[in-house]
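Only one structure is covered here, and it is reproduced in the block below.
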Amino acid sequence: MTNLIKTPEQIEKMRIAGKLAADVLEMIAPHVQKGVTTEELNELCHNYIVDEQQAIPAPLNYHGYPKSVCISLNEVVCHGIPAHKKLHEGDILNIDVTVIKDGFHGDSSAMFIVGNTTPLKRNLCKAAQDALYEAIKLVRPGAQLGDIGSACQKVVEPQGFSVVRDFCGHGIGEVFHEEPQVLHYGQPGTGMTLQAGMTFTIEPMVNAGTYKCKVSKKDGWTATTKDGQPSAQWEHTLLVTEDGVEVLTLRSDEDFPRKISHS
Ligand code: MF3
Ligand code: CO
Ligand code: CO
């Protein structure tokens, strides 16, 4: 069993790892352009993490995963493997970065839009980010995991989109994926009660059509929507504070507070 309540020393290391994950997403943003391959984006992230940050890209060799980041294009829900495939106008893609620094993990992902895209894809990206933000606003000691899942559903489903069931957020620290599992659907007032010092991710995946997914039999990783419609995801690593939440992976492009205090 891993420790779900982090010590102040561990929290400081989580802050540093979280900042590094956010910095990678900020670094890569201007490189996401028509004609660039996802492999090139992977290489830029890898080199930045290893050479500039003196950190470790957690996905590389994680349960056999072959690359340093996950890049999930259009109908790919998550765990897309970077490849020699060029980005096209109108593509939407998620870049999911996890770094290990001084033994601790920071995990965050964001959507990028290549040039102009359809209103559907644009709305889908926004719905997934709104779901993440609404869920974060509920995080505090005494809140329950079901509150988080329910908040995601409340944002997503009235827009005719669906919340993925097959993948979830997770506790994080010295271990990449630890307890608890953080579902993005559920009933308020159910599930584990949050306590100060917990660190976990919220990372809703939102599909335009059915929430059903399938995993590639060829590579064992790439998860796509069952109906081929697009999917979007955003992820932050969070700390439950004494009176609210701190977003450990906040980026400077976000119009969202780093800390929310409910006292
Ligand atoms: N970063 C992903 C998450 O949010 C996990 C990627 S695991 C990998 O949990 F092996 F695919 F990299
Ligand atoms: Co994660
Ligand atoms: Co991630």
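Going through the structure tokens in order, the chains are called A, B, and so on, while each chain numbers its residues from 1 and the ligands are numbered from 1 in the order shown.
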So that I can see what lies close to range 59-72 of chain A, please list as a list in words the residues with an atom at most 9 Å from it, counting only C-alpha atoms and leaving out residues fewer than 5 positions away in the same chain.
Thr38, Glu39, Leu41, Asn42, Glu43, Cys45, His46, Val77, Cys78, His79, Gly80, Ile81, Pro82, Ile92, Leu93, Asn94, Ile95, Asp96, Val97, Thr98, Val99, Trp221, Thr222, Ala223, Thr224, Ser231 and Ala232 of chain A
So that each row is one residue of chain A with an atom at most 12 Å from ligand 2, can you give its shortest atom pair and the distance in Å to one decimal, using only C-alpha atoms and all ligand atoms, rows by chain and rising number, as CSV?
```
residue,atom,partner,partner_atom_place_in_ligand_line,distance
A:Gly18,CA,ligand 2,1 (Co),11.8
A:Ala21,CA,ligand 2,1 (Co),11.4
A:Ala58,CA,ligand 2,1 (Co),10.8
A:Pro59,CA,ligand 2,1 (Co),10.4
A:Val69,CA,ligand 2,1 (Co),11.6
A:Cys70,CA,ligand 2,1 (Co),10.8
A:Cys78,CA,ligand 2,1 (Co),10.3
A:His79,CA,ligand 2,1 (Co),10.6
A:Ile95,CA,ligand 2,1 (Co),11.6
A:Asp96,CA,ligand 2,1 (Co),8.1
A:Val97,CA,ligand 2,1 (Co),8.7
A:Thr98,CA,ligand 2,1 (Co),7.7
A:Val99,CA,ligand 2,1 (Co),11.0
A:His105,CA,ligand 2,1 (Co),9.8
A:Gly106,CA,ligand 2,1 (Co),8.7
A:Asp107,CA,ligand 2,1 (Co),5.5
A:Ser108,CA,ligand 2,1 (Co),6.7
A:Ser109,CA,ligand 2,1 (Co),8.2
A:Ala110,CA,ligand 2,1 (Co),11.7
A:Phe167,CA,ligand 2,1 (Co),9.5
A:Cys168,CA,ligand 2,1 (Co),7.8
A:Gly169,CA,ligand 2,1 (Co),5.5
A:His170,CA,ligand 2,1 (Co),6.2
A:Gly171,CA,ligand 2,1 (Co),8.4
A:Ile172,CA,ligand 2,1 (Co),8.0
A:Gly173,CA,ligand 2,1 (Co),11.1
A:Val175,CA,ligand 2,1 (Co),11.2
A:Phe176,CA,ligand 2,1 (Co),7.8
A:His177,CA,ligand 2,1 (Co),7.3
A:Glu178,CA,ligand 2,1 (Co),10.1
A:Glu179,CA,ligand 2,1 (Co),11.9
A:Pro180,CA,ligand 2,1 (Co),11.8
A:Gln181,CA,ligand 2,1 (Co),10.3
A:Val182,CA,ligand 2,1 (Co),9.8
A:Leu183,CA,ligand 2,1 (Co),11.7
A:Thr199,CA,ligand 2,1 (Co),11.4
A:Phe200,CA,ligand 2,1 (Co),8.2
A:Thr201,CA,ligand 2,1 (Co),5.7
A:Ile202,CA,ligand 2,1 (Co),7.3
A:Glu203,CA,ligand 2,1 (Co),6.5
A:Pro204,CA,ligand 2,1 (Co),9.8
A:Met205,CA,ligand 2,1 (Co),11.2
A:Gln233,CA,ligand 2,1 (Co),10.7
A:Trp234,CA,ligand 2,1 (Co),9.7
A:Glu235,CA,ligand 2,1 (Co),6.8
A:His236,CA,ligand 2,1 (Co),7.8
A:Thr237,CA,ligand 2,1 (Co),7.7
A:Leu238,CA,ligand 2,1 (Co),10.8
A:Thr249,CA,ligand 2,1 (Co),11.6
```
Members of range 6-241 of chain A assigned strand (DSSP E or B) by DSSP, as a PyMOL selection string
chain A and resi 37+56-57+70-73+76-78+86+92-101+104-113+144+162-163+169-171+178-182+193+198-202+205-207+213-215+223-225+231-233+235-240
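CA of Gly228 in chain A lies 12.5 Å from CA of Val215 in chain A.
Note that the spacing between CA of His262 in chain A and CA of Thr241 in chain A amounts to 10.0 Å.
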Which residues come within 7 Å of range 3-11 of chain A, counting only C-alpha atoms, excluding same-chain residues fewer than 4 positions away, as a list in words?
Arg15, Gly197 and Met198 of chain A
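Between Asn207 in chain A and the candidates A:Phe104, A:Tyr48, A:Tyr185, A:Phe161, the tightest atom-to-atom separation, counting only C-alpha atoms, involves A:Phe161.
The smallest atom-to-atom distance between ligand 1 and any of A:Ala208, A:Ile100, A:Cys213, A:Val240, using only C-alpha atoms and all ligand atoms, is found for A:Ile100.
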task: Run DSSP on the backbone and give me the residues of range 80-126 of chain A it puts in helix (DSSP H, G or I), as number ranges by chain.
output: A: 119-126
Dump as a PDB file, in the first residue's frame, selection limited to all heavy atoms:
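Saved as out.pdb:
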```pdb
ATOM      1  N   PRO A 119     -17.082  23.173 -35.398  1.00  0.00           N
ATOM      2  CA  PRO A 119     -17.691  23.551 -34.120  1.00  0.00           C
ATOM      3  C   PRO A 119     -17.825  22.343 -33.185  1.00  0.00           C
ATOM      4  O   PRO A 119     -17.611  22.477 -31.974  1.00  0.00           O
ATOM      5  CB  PRO A 119     -19.061  24.090 -34.522  1.00  0.00           C
ATOM      6  CG  PRO A 119     -18.875  24.580 -35.927  1.00  0.00           C
ATOM      7  CD  PRO A 119     -17.886  23.635 -36.555  1.00  0.00           C
ATOM      8  N   LEU A 120     -18.131  21.174 -33.715  1.00  0.00           N
ATOM      9  CA  LEU A 120     -18.287  19.983 -32.869  1.00  0.00           C
ATOM     10  C   LEU A 120     -16.993  19.698 -32.107  1.00  0.00           C
ATOM     11  O   LEU A 120     -16.999  19.501 -30.883  1.00  0.00           O
ATOM     12  CB  LEU A 120     -18.678  18.755 -33.708  1.00  0.00           C
ATOM     13  CG  LEU A 120     -18.703  17.452 -32.893  1.00  0.00           C
ATOM     14  CD1 LEU A 120     -20.007  17.307 -32.114  1.00  0.00           C
ATOM     15  CD2 LEU A 120     -18.463  16.221 -33.753  1.00  0.00           C
ATOM     16  N   LYS A 121     -15.884  19.645 -32.828  1.00  0.00           N
ATOM     17  CA  LYS A 121     -14.603  19.333 -32.180  1.00  0.00           C
ATOM     18  C   LYS A 121     -14.210  20.415 -31.183  1.00  0.00           C
ATOM     19  O   LYS A 121     -13.666  20.130 -30.119  1.00  0.00           O
ATOM     20  CB  LYS A 121     -13.506  19.154 -33.234  1.00  0.00           C
ATOM     21  CG  LYS A 121     -13.561  17.801 -33.950  1.00  0.00           C
ATOM     22  CD  LYS A 121     -12.499  17.761 -35.039  1.00  0.00           C
ATOM     23  CE  LYS A 121     -12.152  16.341 -35.473  1.00  0.00           C
ATOM     24  NZ  LYS A 121     -11.130  16.374 -36.555  1.00  0.00           N
ATOM     25  N   ARG A 122     -14.481  21.672 -31.550  1.00  0.00           N
ATOM     26  CA  ARG A 122     -14.184  22.791 -30.663  1.00  0.00           C
ATOM     27  C   ARG A 122     -15.010  22.694 -29.365  1.00  0.00           C
ATOM     28  O   ARG A 122     -14.479  22.822 -28.258  1.00  0.00           O
ATOM     29  CB  ARG A 122     -14.504  24.091 -31.404  1.00  0.00           C
ATOM     30  CG  ARG A 122     -13.655  25.255 -31.070  1.00  0.00           C
ATOM     31  CD  ARG A 122     -13.893  26.408 -32.067  1.00  0.00           C
ATOM     32  NE  ARG A 122     -12.938  26.386 -33.152  1.00  0.00           N
ATOM     33  CZ  ARG A 122     -11.646  26.721 -33.021  1.00  0.00           C
ATOM     34  NH1 ARG A 122     -11.175  27.112 -31.844  1.00  0.00           N
ATOM     35  NH2 ARG A 122     -10.829  26.664 -34.040  1.00  0.00           N
ATOM     36  N   ASN A 123     -16.300  22.444 -29.514  1.00  0.00           N
ATOM     37  CA  ASN A 123     -17.180  22.319 -28.342  1.00  0.00           C
ATOM     38  C   ASN A 123     -16.798  21.126 -27.472  1.00  0.00           C
ATOM     39  O   ASN A 123     -16.894  21.172 -26.250  1.00  0.00           O
ATOM     40  CB  ASN A 123     -18.639  22.169 -28.787  1.00  0.00           C
ATOM     41  CG  ASN A 123     -19.174  23.442 -29.427  1.00  0.00           C
ATOM     42  OD1 ASN A 123     -18.635  24.524 -29.212  1.00  0.00           O
ATOM     43  ND2 ASN A 123     -20.226  23.310 -30.230  1.00  0.00           N
ATOM     44  N   LEU A 124     -16.376  20.051 -28.126  1.00  0.00           N
ATOM     45  CA  LEU A 124     -15.965  18.844 -27.395  1.00  0.00           C
ATOM     46  C   LEU A 124     -14.751  19.147 -26.518  1.00  0.00           C
ATOM     47  O   LEU A 124     -14.707  18.755 -25.341  1.00  0.00           O
ATOM     48  CB  LEU A 124     -15.637  17.755 -28.420  1.00  0.00           C
ATOM     49  CG  LEU A 124     -15.386  16.361 -27.908  1.00  0.00           C
ATOM     50  CD1 LEU A 124     -16.660  15.758 -27.322  1.00  0.00           C
ATOM     51  CD2 LEU A 124     -14.860  15.471 -29.037  1.00  0.00           C
ATOM     52  N   CYS A 125     -13.775  19.846 -27.089  1.00  0.00           N
ATOM     53  CA  CYS A 125     -12.571  20.214 -26.316  1.00  0.00           C
ATOM     54  C   CYS A 125     -12.954  21.066 -25.119  1.00  0.00           C
ATOM     55  O   CYS A 125     -12.465  20.865 -24.008  1.00  0.00           O
ATOM     56  CB  CYS A 125     -11.577  20.981 -27.198  1.00  0.00           C
ATOM     57  SG  CYS A 125     -10.826  19.961 -28.477  1.00  0.00           S
ATOM     58  N   LYS A 126     -13.855  22.022 -25.348  1.00  0.00           N
ATOM     59  CA  LYS A 126     -14.258  22.917 -24.267  1.00  0.00           C
ATOM     60  C   LYS A 126     -15.057  22.166 -23.202  1.00  0.00           C
ATOM     61  O   LYS A 126     -14.881  22.408 -22.005  1.00  0.00           O
ATOM     62  CB  LYS A 126     -15.083  24.091 -24.803  1.00  0.00           C
ATOM     63  CG  LYS A 126     -15.544  25.031 -23.695  1.00  0.00           C
ATOM     64  CD  LYS A 126     -15.925  26.400 -24.191  1.00  0.00           C
ATOM     65  CE  LYS A 126     -16.111  27.421 -23.062  1.00  0.00           C
ATOM     66  NZ  LYS A 126     -16.895  26.977 -21.928  1.00  0.00           N
TER      67      LYS A 126
END
```
